[in-house]
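Next comes final-v3.cif, a file with mmCIF, C-alpha atoms.
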```cif
data_entry
#
loop_
_atom_site.label_atom_id
_atom_site.label_comp_id
_atom_site.auth_asym_id
_atom_site.auth_seq_id
_atom_site.Cartn_x
_atom_site.Cartn_y
_atom_site.Cartn_z
CA MET W 1 265.57 163.55 194.00
CA LYS W 2 265.58 162.29 197.56
CA ASN W 3 268.80 161.85 199.48
CA ASN W 4 269.57 158.12 199.74
CA GLY W 5 272.17 158.30 202.49
CA VAL W 6 275.67 159.28 203.54
CA ILE W 7 278.97 157.63 202.56
CA ALA W 8 282.13 158.45 204.53
CA ILE W 9 285.60 157.72 203.15
CA VAL W 10 288.17 156.91 205.85
CA GLY W 11 291.68 155.52 206.01
CA ARG W 12 295.25 156.31 206.97
CA PRO W 13 297.14 159.19 205.33
CA ASN W 14 298.32 159.06 201.73
CA VAL W 15 296.22 156.13 200.55
CA GLY W 16 294.38 158.26 197.97
CA LYS W 17 291.15 159.01 199.84
CA SER W 18 290.79 162.49 198.36
CA THR W 19 291.57 161.26 194.86
CA LEU W 20 288.87 158.62 195.20
CA PHE W 21 286.50 161.22 196.69
CA ASN W 22 287.06 163.50 193.69
CA ARG W 23 286.57 160.62 191.28
CA ILE W 24 283.21 159.73 192.85
CA ALA W 25 282.18 163.39 193.13
CA GLY W 26 283.19 164.03 189.54
CA SER W 27 285.21 167.13 190.35
CA ARG W 28 288.23 168.32 192.30
CA VAL W 29 286.47 169.17 195.55
CA SER W 30 289.20 167.96 197.90
CA ILE W 31 292.77 169.23 197.97
CA VAL W 32 294.99 166.47 196.61
CA GLU W 33 298.73 166.46 197.26
CA ASP W 34 301.23 163.62 197.37
CA LEU W 35 301.92 164.36 201.01
CA PRO W 36 300.40 162.66 204.06
CA GLY W 37 297.96 164.63 206.17
CA VAL W 38 296.90 167.27 203.64
CA THR W 39 293.18 166.71 204.28
CA ARG W 40 292.49 167.50 207.93
CA ASP W 41 288.86 168.65 207.86
CA ARG W 42 285.96 166.67 206.57
CA ILE W 43 285.01 167.79 203.07
CA TYR W 44 281.62 166.85 201.75
CA THR W 45 279.69 166.92 198.51
CA THR W 46 276.83 165.09 196.84
CA GLY W 47 276.99 162.27 194.33
CA ASP W 48 274.73 160.12 192.17
CA TRP W 49 275.00 156.50 191.18
CA THR W 50 272.37 154.47 189.28
CA GLY W 51 269.60 156.80 190.41
CA HIS W 52 270.77 156.96 194.03
CA HIS W 53 271.59 160.42 195.39
CA PHE W 54 273.96 160.45 198.34
CA GLN W 55 276.20 162.69 200.42
CA LEU W 56 279.90 161.91 200.33
CA ILE W 57 282.37 162.83 203.08
CA ASP W 58 286.15 162.95 202.78
CA THR W 59 288.07 162.75 206.06
CA GLY W 60 291.58 163.27 207.30
CA GLY W 61 293.99 160.37 207.58
CA ILE W 62 294.18 158.48 210.88
CA GLU W 63 297.49 157.10 212.12
CA LEU W 64 298.83 155.70 215.37
CA ALA W 65 301.90 157.97 215.42
CA ASP W 66 301.59 161.12 217.51
CA ARG W 67 301.58 163.66 214.70
CA PRO W 68 300.11 167.20 214.56
CA PHE W 69 296.31 167.44 214.43
CA GLN W 70 295.79 163.70 215.06
CA GLU W 71 293.43 164.31 217.98
CA GLU W 72 291.32 166.69 215.88
CA ILE W 73 291.37 164.34 212.90
CA ARG W 74 290.24 161.36 214.99
CA ALA W 75 287.40 163.44 216.45
CA GLN W 76 286.19 164.47 213.02
CA VAL W 77 286.49 160.97 211.59
CA GLN W 78 284.50 159.60 214.54
CA ILE W 79 281.72 162.10 213.87
CA ALA W 80 281.73 161.20 210.16
CA VAL W 81 281.50 157.50 211.04
CA GLU W 82 278.57 158.15 213.35
CA GLU W 83 276.71 160.07 210.67
CA ALA W 84 277.48 157.72 207.77
CA ASP W 85 275.20 154.97 206.51
CA VAL W 86 278.06 153.21 204.71
CA ILE W 87 281.82 153.63 205.20
CA ILE W 88 284.46 153.14 202.54
CA MET W 89 287.76 152.17 204.13
CA VAL W 90 290.59 152.95 201.74
CA CYS W 91 293.92 151.12 201.87
CA SER W 92 296.94 151.35 199.59
CA GLY W 93 297.70 148.51 197.23
CA LYS W 94 301.00 150.22 196.55
CA THR W 95 302.45 150.24 200.09
CA GLY W 96 300.49 147.29 201.49
CA LEU W 97 298.86 146.50 204.83
CA ASN W 98 300.20 148.15 207.99
CA ASP W 99 299.33 148.70 211.67
CA ASP W 100 297.40 151.91 210.95
CA ASP W 101 295.09 149.95 208.64
CA LYS W 102 294.50 147.37 211.38
CA TYR W 103 293.74 150.07 213.95
CA ILE W 104 291.23 151.78 211.64
CA ALA W 105 289.56 148.48 210.72
CA GLY W 106 289.07 147.71 214.42
CA MET W 107 287.53 151.14 214.99
CA LEU W 108 285.12 150.63 212.09
CA GLN W 109 284.15 147.14 213.24
CA ARG W 110 283.30 148.53 216.67
CA SER W 111 281.09 151.19 215.07
CA GLY W 112 278.74 148.50 213.76
CA LYS W 113 278.33 150.40 210.47
CA PRO W 114 278.45 148.66 207.06
CA VAL W 115 281.97 148.90 205.63
CA VAL W 116 283.18 148.47 202.06
CA LEU W 117 286.92 147.82 201.79
CA ALA W 118 288.66 149.55 198.86
CA VAL W 119 292.27 148.81 197.98
CA ASN W 120 293.39 151.85 196.02
CA MET W 121 296.28 152.41 193.61
CA ILE W 122 295.63 149.14 191.74
CA ASP W 123 296.41 150.91 188.49
CA ASP W 124 297.01 147.81 186.36
CA ALA W 125 296.57 144.04 186.39
CA SER W 126 300.09 143.48 187.70
CA ARG W 127 299.05 144.84 191.10
CA MET W 128 295.90 142.74 191.49
CA ALA W 129 297.70 140.21 193.70
CA ASN W 130 298.36 143.04 196.18
CA ILE W 131 294.76 143.02 197.42
CA TYR W 132 294.75 139.59 199.05
CA GLU W 133 296.64 140.52 202.22
CA PHE W 134 293.79 142.92 203.11
CA TYR W 135 291.45 139.99 203.80
CA ALA W 136 293.26 139.93 207.17
CA LEU W 137 291.33 143.07 208.20
CA GLY W 138 288.13 141.05 208.51
CA LEU W 139 286.07 143.54 206.49
CA GLY W 140 285.00 141.19 203.72
CA ASP W 141 286.11 141.07 200.11
CA PRO W 142 288.47 143.91 199.17
CA ILE W 143 287.60 145.78 195.98
CA ALA W 144 290.50 146.78 193.75
CA VAL W 145 290.21 150.40 192.62
CA SER W 146 292.23 153.19 191.12
CA GLY W 147 290.97 156.61 192.10
CA ALA W 148 293.43 158.18 189.68
CA HIS W 149 292.14 156.22 186.67
CA GLY W 150 288.58 155.36 187.70
CA ILE W 151 289.20 151.61 187.66
CA GLY W 152 286.79 149.64 189.87
CA VAL W 153 284.90 152.71 191.13
CA GLY W 154 281.63 151.45 189.67
CA ASP W 155 282.02 148.14 191.51
CA LEU W 156 282.81 150.07 194.70
CA LEU W 157 279.67 152.20 194.43
CA ASP W 158 277.55 149.14 193.59
CA ALA W 159 278.78 147.56 196.83
CA CYS W 160 277.98 150.75 198.76
CA MET W 161 274.45 150.95 197.35
CA ALA W 162 273.87 147.29 198.25
CA LYS W 163 274.69 148.08 201.89
CA MET W 164 272.73 151.34 202.01
CA PRO W 165 269.62 151.18 204.22
CA ASP W 166 266.29 151.20 202.45
CA GLU W 167 265.25 154.82 201.96
CA ASN W 168 261.70 154.22 203.11
CA ALA W 169 262.86 152.28 206.17
CA LYS W 170 265.35 154.98 207.04
CA ASP W 171 262.82 157.81 206.89
CA ASN W 172 259.53 156.27 207.88
CA ASN W 173 258.14 159.41 209.49
CA GLU W 174 254.94 160.38 207.75
CA GLY W 175 253.84 163.85 206.85
CA ILE W 176 255.37 167.07 205.57
CA HIS W 177 259.00 167.52 206.64
CA ILE W 178 259.81 171.03 207.85
CA ALA W 179 263.43 172.15 208.26
CA VAL W 180 264.03 175.14 210.54
CA ILE W 181 267.20 176.82 209.28
CA GLY W 182 269.15 179.96 210.06
CA GLU W 183 272.23 181.42 211.66
CA PRO W 184 273.11 180.46 215.23
CA ASN W 185 271.14 182.20 217.96
CA VAL W 186 268.23 183.44 215.85
CA GLY W 187 265.79 181.46 218.01
CA LYS W 188 265.28 178.32 215.93
CA SER W 189 264.96 175.99 218.91
CA SER W 190 262.59 178.38 220.67
CA LEU W 191 260.48 178.54 217.53
CA VAL W 192 260.38 174.74 217.26
CA ASN W 193 259.27 174.54 220.88
CA ALA W 194 256.59 177.15 220.27
CA ILE W 195 255.29 175.19 217.28
CA LEU W 196 255.33 171.95 219.24
CA ASN W 197 254.01 173.75 222.32
CA GLU W 198 256.39 171.76 224.49
CA GLN W 199 260.09 171.64 225.37
CA ARG W 200 261.54 169.21 222.84
CA SER W 201 264.82 171.05 222.14
CA ILE W 202 267.39 172.60 224.44
CA VAL W 203 267.01 176.39 224.43
CA SER W 204 269.99 178.56 225.35
CA ASN W 205 271.44 181.97 224.51
CA ILE W 206 274.83 180.34 223.92
CA GLN W 207 275.50 180.18 220.18
CA GLY W 208 275.60 176.67 218.74
CA THR W 209 273.61 174.86 221.45
CA THR W 210 271.83 172.70 218.88
CA ARG W 211 274.46 170.61 217.11
CA ASP W 212 272.39 167.85 215.55
CA ALA W 213 269.46 167.98 213.17
CA ILE W 214 266.73 166.57 215.43
CA ASP W 215 263.61 165.08 213.81
CA THR W 216 260.42 165.47 215.84
CA PRO W 217 257.15 164.01 214.51
CA PHE W 218 254.00 165.86 215.56
CA ARG W 219 250.38 166.34 214.52
CA PHE W 220 248.52 169.56 213.81
CA GLU W 221 244.76 169.47 213.37
CA GLY W 222 245.02 165.72 212.83
CA ARG W 223 247.67 165.86 210.10
CA PRO W 224 251.20 164.40 210.52
CA TYR W 225 254.37 166.48 210.25
CA VAL W 226 258.05 166.15 211.04
CA ILE W 227 259.93 169.25 212.17
CA VAL W 228 263.73 169.37 212.09
CA ASP W 229 265.61 171.77 214.35
CA THR W 230 268.97 172.20 212.65
CA ALA W 231 272.18 173.52 214.11
CA GLY W 232 272.85 177.11 213.11
CA ILE W 233 274.74 177.44 209.85
CA ARG W 234 277.70 179.76 210.20
CA LYS W 235 280.06 181.08 207.55
CA ARG W 236 282.73 178.44 206.98
CA GLY W 237 285.59 180.75 207.94
CA LYS W 238 283.99 181.30 211.35
CA VAL W 239 283.37 177.66 212.16
CA TYR W 240 286.04 176.41 214.53
CA GLU W 241 284.85 173.45 216.59
CA ASN W 242 285.10 170.00 215.05
CA VAL W 243 281.57 169.08 216.03
CA GLU W 244 280.21 172.43 214.92
CA LYS W 245 281.79 172.04 211.50
CA TYR W 246 279.93 168.80 211.11
CA SER W 247 276.65 170.43 212.14
CA VAL W 248 276.67 172.26 208.81
CA LEU W 249 276.52 168.90 207.01
CA ARG W 250 273.61 167.81 209.18
CA ALA W 251 271.78 171.05 208.46
CA MET W 252 272.45 170.62 204.74
CA SER W 253 271.12 167.06 204.97
CA ALA W 254 267.98 168.35 206.70
CA ILE W 255 267.47 170.88 203.91
CA GLU W 256 267.86 168.22 201.24
CA ARG W 257 265.22 165.94 202.73
CA CYS W 258 262.73 168.60 203.83
CA ASP W 259 259.55 169.53 201.99
CA VAL W 260 259.45 173.13 203.25
CA ALA W 261 262.17 175.27 204.88
CA LEU W 262 261.42 177.85 207.54
CA PHE W 263 264.26 180.35 207.16
CA VAL W 264 264.58 182.22 210.47
CA ILE W 265 265.99 185.74 210.77
CA ASP W 266 266.68 187.53 214.05
CA GLY W 267 264.38 190.55 213.92
CA GLU W 268 266.28 192.20 216.76
CA ALA W 269 269.74 191.82 215.22
CA GLY W 270 268.53 192.49 211.69
CA ILE W 271 269.68 190.93 208.43
CA ARG W 272 273.29 189.76 208.43
CA GLU W 273 275.48 188.78 205.52
CA GLN W 274 275.49 185.12 206.52
CA ASP W 275 271.69 185.03 206.36
CA LYS W 276 272.02 185.22 202.58
CA HIS W 277 274.26 182.14 202.53
CA VAL W 278 271.85 180.18 204.71
CA ALA W 279 268.84 181.01 202.55
CA GLY W 280 270.92 180.27 199.47
CA TYR W 281 271.38 176.64 200.54
CA ALA W 282 267.62 176.08 200.55
CA TYR W 283 267.15 178.05 197.33
CA GLU W 284 269.82 176.05 195.51
CA ALA W 285 268.22 172.82 196.74
CA GLY W 286 264.94 173.94 195.12
CA LYS W 287 263.03 173.93 198.40
CA PRO W 288 259.90 175.95 199.20
CA ILE W 289 260.77 178.65 201.70
CA VAL W 290 258.94 180.72 204.30
CA ILE W 291 260.92 183.67 205.68
CA VAL W 292 260.30 183.89 209.43
CA VAL W 293 261.34 187.05 211.26
CA ASN W 294 261.66 186.01 214.90
CA LYS W 295 261.94 188.06 218.12
CA TRP W 296 259.47 190.61 216.74
CA ASP W 297 258.27 191.28 220.28
CA ALA W 298 261.68 192.81 221.13
CA ILE W 299 261.44 195.47 218.42
CA GLU W 300 260.33 199.04 219.07
CA LYS W 301 257.74 199.54 216.35
CA ASP W 302 255.65 202.18 214.67
CA THR W 303 253.17 201.90 211.79
CA HIS W 304 255.99 201.70 209.24
CA THR W 305 258.39 199.27 210.95
CA MET W 306 257.05 196.03 209.44
CA ALA W 307 256.75 197.47 205.93
CA ALA W 308 260.32 198.81 206.12
CA PHE W 309 261.67 195.43 207.27
CA GLN W 310 259.77 193.66 204.48
CA GLU W 311 261.22 196.06 201.94
CA GLN W 312 264.73 195.38 203.27
CA ILE W 313 264.18 191.62 203.03
CA ARG W 314 262.99 191.92 199.44
CA ARG W 315 266.03 194.01 198.60
CA GLU W 316 268.58 191.76 200.34
CA PHE W 317 266.99 188.49 199.19
CA ALA W 318 266.08 189.45 195.64
CA TYR W 319 266.12 185.79 194.60
CA LEU W 320 263.36 184.95 197.14
CA THR W 321 260.65 187.32 195.92
CA TYR W 322 258.20 184.40 195.92
CA ALA W 323 258.78 183.52 199.60
CA PRO W 324 256.14 184.77 202.07
CA ILE W 325 257.34 186.72 205.11
CA VAL W 326 255.92 186.12 208.60
CA PHE W 327 256.78 188.20 211.68
CA VAL W 328 256.62 186.08 214.82
CA SER W 329 257.73 185.87 218.41
CA ALA W 330 258.63 182.41 219.66
CA LYS W 331 258.71 183.89 223.16
CA THR W 332 255.14 185.26 223.17
CA ARG W 333 253.87 182.82 220.47
CA GLN W 334 252.72 185.80 218.38
CA ARG W 335 251.63 184.50 214.92
CA VAL W 336 253.33 181.14 215.53
CA ASP W 337 249.97 179.45 214.93
CA THR W 338 250.02 180.74 211.32
CA LEU W 339 253.20 178.86 210.38
CA VAL W 340 251.94 175.29 209.98
CA PRO W 341 248.89 176.32 207.87
CA MET W 342 251.29 178.36 205.73
CA VAL W 343 253.59 175.33 205.38
CA ASP W 344 250.57 173.32 204.18
CA ARG W 345 249.75 175.91 201.54
CA ILE W 346 253.34 176.31 200.35
CA TYR W 347 253.80 172.54 200.14
CA GLU W 348 250.62 172.20 198.06
CA ASN W 349 251.92 174.92 195.74
CA SER W 350 255.21 173.04 195.27
CA CYS W 351 253.18 169.96 194.24
CA ARG W 352 250.87 171.87 191.89
CA ARG W 353 250.44 170.49 188.38
CA ILE W 354 249.06 172.70 185.62
CA PRO W 355 247.03 171.12 182.77
CA THR W 356 249.04 171.35 179.55
CA ASN W 357 246.30 173.08 177.57
CA VAL W 358 245.85 175.76 180.24
CA LEU W 359 249.61 176.19 180.57
CA ASN W 360 250.10 176.74 176.83
CA GLU W 361 247.19 179.16 176.65
CA VAL W 362 248.78 181.32 179.35
CA ILE W 363 252.25 181.24 177.72
CA SER W 364 250.81 181.95 174.27
CA ASP W 365 248.88 184.98 175.52
CA ALA W 366 252.00 186.26 177.30
CA GLN W 367 254.06 186.07 174.10
CA ILE W 368 251.37 187.87 172.10
CA THR W 369 251.10 190.75 174.57
CA THR W 370 254.84 190.89 175.34
CA PRO W 371 257.05 189.32 172.68
CA ALA W 372 260.67 188.60 173.52
CA PRO W 373 263.04 191.38 172.43
CA ALA W 374 264.95 190.76 169.21
CA ARG W 375 268.62 189.88 169.56
CA ASN W 376 270.85 190.10 166.47
CA GLY W 377 267.74 190.07 164.32
CA LYS W 378 266.34 186.95 165.98
CA ARG W 379 263.54 186.64 168.53
CA PHE W 380 263.11 183.97 171.19
CA ARG W 381 259.91 182.01 170.58
CA ILE W 382 258.22 179.36 172.75
CA TYR W 383 256.20 176.85 170.71
CA TYR W 384 255.03 174.51 173.41
CA THR W 385 255.33 174.19 177.21
CA THR W 386 255.07 171.07 179.35
CA GLN W 387 255.28 170.62 183.11
CA VAL W 388 257.60 167.66 183.67
CA SER W 389 257.82 167.46 187.48
CA ILE W 390 256.88 168.92 190.85
CA GLN W 391 258.77 169.79 194.06
CA PRO W 392 259.72 172.21 192.60
CA PRO W 393 257.39 172.72 189.62
CA THR W 394 259.56 172.28 186.53
CA PHE W 395 258.61 173.32 183.01
CA VAL W 396 260.20 172.50 179.67
CA LEU W 397 259.90 175.25 177.06
CA SER W 398 260.07 173.92 173.50
CA CYS W 399 261.55 176.85 171.60
CA ASN W 400 263.35 177.97 168.46
CA GLU W 401 266.72 178.62 170.13
CA PRO W 402 267.46 178.25 173.87
CA LYS W 403 270.41 180.68 173.69
CA LEU W 404 268.02 183.47 172.69
CA MET W 405 266.18 183.31 176.04
CA HIS W 406 267.52 186.27 177.97
CA PHE W 407 267.31 186.02 181.76
CA SER W 408 264.95 189.00 181.84
CA TYR W 409 262.47 187.26 179.54
CA GLN W 410 262.83 184.06 181.57
CA ARG W 411 261.90 186.10 184.64
CA PHE W 412 258.92 187.51 182.72
CA ILE W 413 257.69 183.99 181.88
CA GLU W 414 258.15 182.94 185.52
CA ASN W 415 256.19 185.97 186.73
CA THR W 416 253.49 185.17 184.18
CA LEU W 417 253.14 181.69 185.63
CA ARG W 418 253.07 183.06 189.17
CA ASP W 419 250.39 185.60 188.23
CA ALA W 420 248.24 182.92 186.61
CA PHE W 421 248.73 180.15 189.17
CA ASP W 422 249.44 180.01 192.91
CA PHE W 423 253.13 179.21 193.22
CA GLU W 424 253.70 181.29 196.35
CA GLY W 425 256.62 180.02 198.41
CA THR W 426 258.02 177.59 195.85
CA PRO W 427 260.78 178.10 193.30
CA ILE W 428 260.00 177.41 189.66
CA HIS W 429 262.48 175.73 187.32
CA MET W 430 262.37 176.30 183.57
CA ILE W 431 264.33 174.38 180.95
CA ALA W 432 264.52 175.73 177.38
CA ARG W 433 264.97 173.09 174.68
CA ARG W 434 265.12 173.48 170.94
CA LYS W 435 262.05 172.13 169.21
CA VAL W 436 262.72 168.90 167.34
CA SER W 437 261.77 169.24 163.68
CA ASP W 438 259.14 166.85 162.40
#
```

Taking this structure as input, can you express it in the form of structure tokens?
Amino acid sequence: MKNNGVIAIVGRPNVGKSTLFNRIAGSRVSIVEDLPGVTRDRIYTTGDWTGHHFQLIDTGGIELADRPFQEEIRAQVQIAVEEADVIIMVCSGKTGLNDDDKYIAGMLQRSGKPVVLAVNMIDDASRMANIYEFYALGLGDPIAVSGAHGIGVGDLLDACMAKMPDENAKDNNEGIHIAVIGEPNVGKSSLVNAILNEQRSIVSNIQGTTRDAIDTPFRFEGRPYVIVDTAGIRKRGKVYENVEKYSVLRAMSAIERCDVALFVIDGEAGIREQDKHVAGYAYEAGKPIVIVVNKWDAIEKDTHTMAAFQEQIRREFAYLTYAPIVFVSAKTRQRVDTLVPMVDRIYENSCRRIPTNVLNEVISDAQITTPAPARNGKRFRIYYTTQVSIQPPTFVLSCNEPKLMHFSYQRFIENTLRDAFDFEGTPIHMIARRKVSD
């Protein structure tokens, strides 16, 4: 499902922003306390509403009073506003309109972004009259909601979706979208420049130079592409700067909307623990991945060096056994010319559809030669298999009992599909469902 945009929730402290955020997200992602100023950092998640997939940002409360962390909070809110497609301004129907609300409304009006005004804590009909004073903010019709009870949240999201830019208009760049991801200072920007063969991104040895996810359309052998140089993703505990914290969201957004991810490792520094987290983001998003070992020119090598590094990658990234590995040097352009053709091939594999009759023949033969092991006297059995979608290829296994499918046999079925068909570079999703009796 494509990402349909970003919604930021802003407002003064203690108006229930985090409660509303959790209600929309469907889980307790934000810390919620009945104290002002608990949420200082932006917290983000994804949400869905009537088929629209969006990113949702919770922000700290803005107030005019000179309180601790206000400068940092304002900076983070400003960044969230800049990134958002639609902003939900939350006010309190319990305490009423105040000067902080007016200050925030003015800031949002100056941003030029679409704003939906939510008056929270309208927990019953007796408080409905409390919303009318908020017309004075000049942000249109206020929507009465209760984050605590879910009242009015559907109307609020309907209003947000109505103001969301058209997905096609927002992302009108043609071609395969390539996200270049990795830790800071692994040479992502240098690699992008080598692919583009021109200086499109700032290159520096200072960690965190690239803060935004920058889309650059280009053509290779007549075909259109868009390459995205993302800011380096660092472990959350090591991310200090306000702007740098937000760069993680932009990188995550780039991953969500890409067709193929180039996961870059620093060949000179070797594999670091955070590399696993970075690759995990793309894996969890179901994106095709190419593992790119950069700075290979700086390595002292013998005939076994590459094989040893490959073996280490396969050991450390056991969940990415399907991802091809390419050793490159952005500096000398060694093997850089192989990356775009590989992206083409991996993308085609992620879009591959297998005819149902061929698919079932392969699965049937696999079960005959290697039946599932018996568990408590019962054996997992697949009756029929159907491919239901692509990007990534997704298969529904009609079976006798889904709970009998052990992860090892699921891996066997996946390997069977990979041996029979070219799914290099792309994850495969399998869904076991009990066969419906006739």

Running the PyMOL selection byres ((chain W and resi 84-101) around 7) on this model by hand, what would come out? Give it as a tab-separated table (two decimals) with C-alpha atoms, in the frame of the given file.
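Resulting contents of selection27.tsv:
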```
chain	number	residue	atom	x	y	z
W	5	GLY	CA	272.17	158.30	202.49
W	6	VAL	CA	275.67	159.28	203.54
W	7	ILE	CA	278.97	157.63	202.56
W	8	ALA	CA	282.13	158.45	204.53
W	9	ILE	CA	285.60	157.72	203.15
W	10	VAL	CA	288.17	156.91	205.85
W	11	GLY	CA	291.68	155.52	206.01
W	12	ARG	CA	295.25	156.31	206.97
W	15	VAL	CA	296.22	156.13	200.55
W	17	LYS	CA	291.15	159.01	199.84
W	63	GLU	CA	297.49	157.10	212.12
W	64	LEU	CA	298.83	155.70	215.37
W	80	ALA	CA	281.73	161.20	210.16
W	81	VAL	CA	281.50	157.50	211.04
W	82	GLU	CA	278.57	158.15	213.35
W	83	GLU	CA	276.71	160.07	210.67
W	102	LYS	CA	294.50	147.37	211.38
W	103	TYR	CA	293.74	150.07	213.95
W	104	ILE	CA	291.23	151.78	211.64
W	105	ALA	CA	289.56	148.48	210.72
W	113	LYS	CA	278.33	150.40	210.47
W	114	PRO	CA	278.45	148.66	207.06
W	115	VAL	CA	281.97	148.90	205.63
W	116	VAL	CA	283.18	148.47	202.06
W	117	LEU	CA	286.92	147.82	201.79
W	118	ALA	CA	288.66	149.55	198.86
W	119	VAL	CA	292.27	148.81	197.98
W	120	ASN	CA	293.39	151.85	196.02
W	121	MET	CA	296.28	152.41	193.61
W	122	ILE	CA	295.63	149.14	191.74
W	130	ASN	CA	298.36	143.04	196.18
W	131	ILE	CA	294.76	143.02	197.42
W	133	GLU	CA	296.64	140.52	202.22
W	134	PHE	CA	293.79	142.92	203.11
W	160	CYS	CA	277.98	150.75	198.76
W	163	LYS	CA	274.69	148.08	201.89
W	164	MET	CA	272.73	151.34	202.01
```

What do you get, as number ranges by chain, if you spell out every residue that the PyMOL selection byres ((chain W and resi 425) around 10) selects here? W: 260-261, 287-291, 320-325, 342-343, 345-350, 422-424, 426-428

Which one of W:Trp49, W:Arg257, W:Val180, W:Leu191 sits closest to Gly154 in chain W if you count only C-alpha atoms?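 Counting only C-alpha atoms, the residue closest to Gly154 in chain W is W:Trp49.
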
Neighbour list for Ile431 in chain W as an mmCIF file with C-alpha atoms, keeping the file's coordinate frame, cut-off 9 Å, all atoms listed in the file, skip fewer than 5 positions in-chain:
```
data_model
loop_
_atom_site.group_PDB
_atom_site.id
_atom_site.type_symbol
_atom_site.label_atom_id
_atom_site.label_comp_id
_atom_site.auth_asym_id
_atom_site.auth_seq_id
_atom_site.Cartn_x
_atom_site.Cartn_y
_atom_site.Cartn_z
ATOM 1 C CA THR W 394 259.560 172.280 186.530
ATOM 2 C CA PHE W 395 258.610 173.320 183.010
ATOM 3 C CA VAL W 396 260.200 172.500 179.670
ATOM 4 C CA LEU W 397 259.900 175.250 177.060
ATOM 5 C CA SER W 398 260.070 173.920 173.500
ATOM 6 C CA PRO W 402 267.460 178.250 173.870
#
```

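Going from CA of Val153 in chain W over to CA of Tyr135 in chain W, you cover 19.1 Å.
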
Mind giving me the straight-line distance from CA of Pro184 in chain W to CA of Tyr281 in chain W in Å, one decimal?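 Value for the CA of Pro184 in chain W-CA of Tyr281 in chain W distance: 15.3 Å.
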
Tell me, in Å to one decimal, how far CA of Phe317 in chain W is from CA of Gln410 in chain W. 18.6 Å

Would you translate the PyMOL selection byres ((chain W and resi 187) around 9) into the concrete set of residues it matches in this file, as a list in words?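 With the shown file as input, the PyMOL selection byres ((chain W and resi 187) around 9) matches Gly182, Pro184, Asn185, Val186, Lys188, Ser189, Ser190, Leu191, Val192, Val203, Ser204, Asn205, Val264, Ile265, Asp266, Asn294, Lys295 and Ala330 of chain W.
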
Selection: 12 Å around Asp48 in chain W, all atoms listed in the file, excl. self and same-chain fewer than 4 positions, as a ChimeraX atom specification: /W:1-7,23-26,52-56,154,157-158,160-161

For each of W:Ala285, W:Val340, W:Ile57, W:Val328, take the minimum atom-to-atom distance to Tyr225 in chain W, counting all atoms listed in the file, then give the residue where this is smallest.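 Nearest candidate to Tyr225 in chain W out of W:Ala285, W:Val340, W:Ile57, W:Val328: W:Val340.
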
Identify the residues within 9 Å of coordinate (266.0, 169.0, 204.7) (same frame as the file), considering all atoms listed in the file, and give the answer as an NGL selection string. :W and (177-180 or 228 or 250-261 or 282 or 287)

Which neighbours of Tyr319 in chain W fall inside 10 Å, counting all atoms listed in the file, when residues of the same chain fewer than 5 positions from it are skipped, and could you give them as a PyMOL selection string? chain W and resi 276+279-280+283+314+427

As a tab-separated table (two decimals), in the frame of the given file, could you write out range 93-100 of chain W once it has been completed with N, CA, C and O atoms?
```
chain	number	residue	atom	x	y	z
W	93	GLY	N	297.15	149.71	197.84
W	93	GLY	CA	297.70	148.51	197.23
W	93	GLY	C	299.15	148.70	196.82
W	93	GLY	O	299.82	147.74	196.42
W	94	LYS	N	299.61	149.92	196.93
W	94	LYS	CA	301.00	150.22	196.55
W	94	LYS	C	301.95	149.97	197.72
W	94	LYS	O	303.02	149.37	197.55
W	95	THR	N	301.56	150.39	198.92
W	95	THR	CA	302.45	150.24	200.09
W	95	THR	C	302.08	149.04	200.95
W	95	THR	O	302.88	148.63	201.80
W	96	GLY	N	300.86	148.50	200.77
W	96	GLY	CA	300.49	147.29	201.49
W	96	GLY	C	299.88	147.55	202.86
W	96	GLY	O	299.71	148.69	203.30
W	97	LEU	N	299.53	146.46	203.53
W	97	LEU	CA	298.86	146.50	204.83
W	97	LEU	C	299.84	146.93	205.93
W	97	LEU	O	300.99	146.50	205.95
W	98	ASN	N	299.35	147.79	206.86
W	98	ASN	CA	300.20	148.15	207.99
W	98	ASN	C	299.37	148.29	209.26
W	98	ASN	O	298.15	148.07	209.25
W	99	ASP	N	300.01	148.64	210.37
W	99	ASP	CA	299.33	148.70	211.67
W	99	ASP	C	298.25	149.77	211.71
W	99	ASP	O	297.24	149.61	212.41
W	100	ASP	N	298.43	150.87	211.00
W	100	ASP	CA	297.40	151.91	210.95
W	100	ASP	C	296.12	151.36	210.34
W	100	ASP	O	295.01	151.64	210.82
```
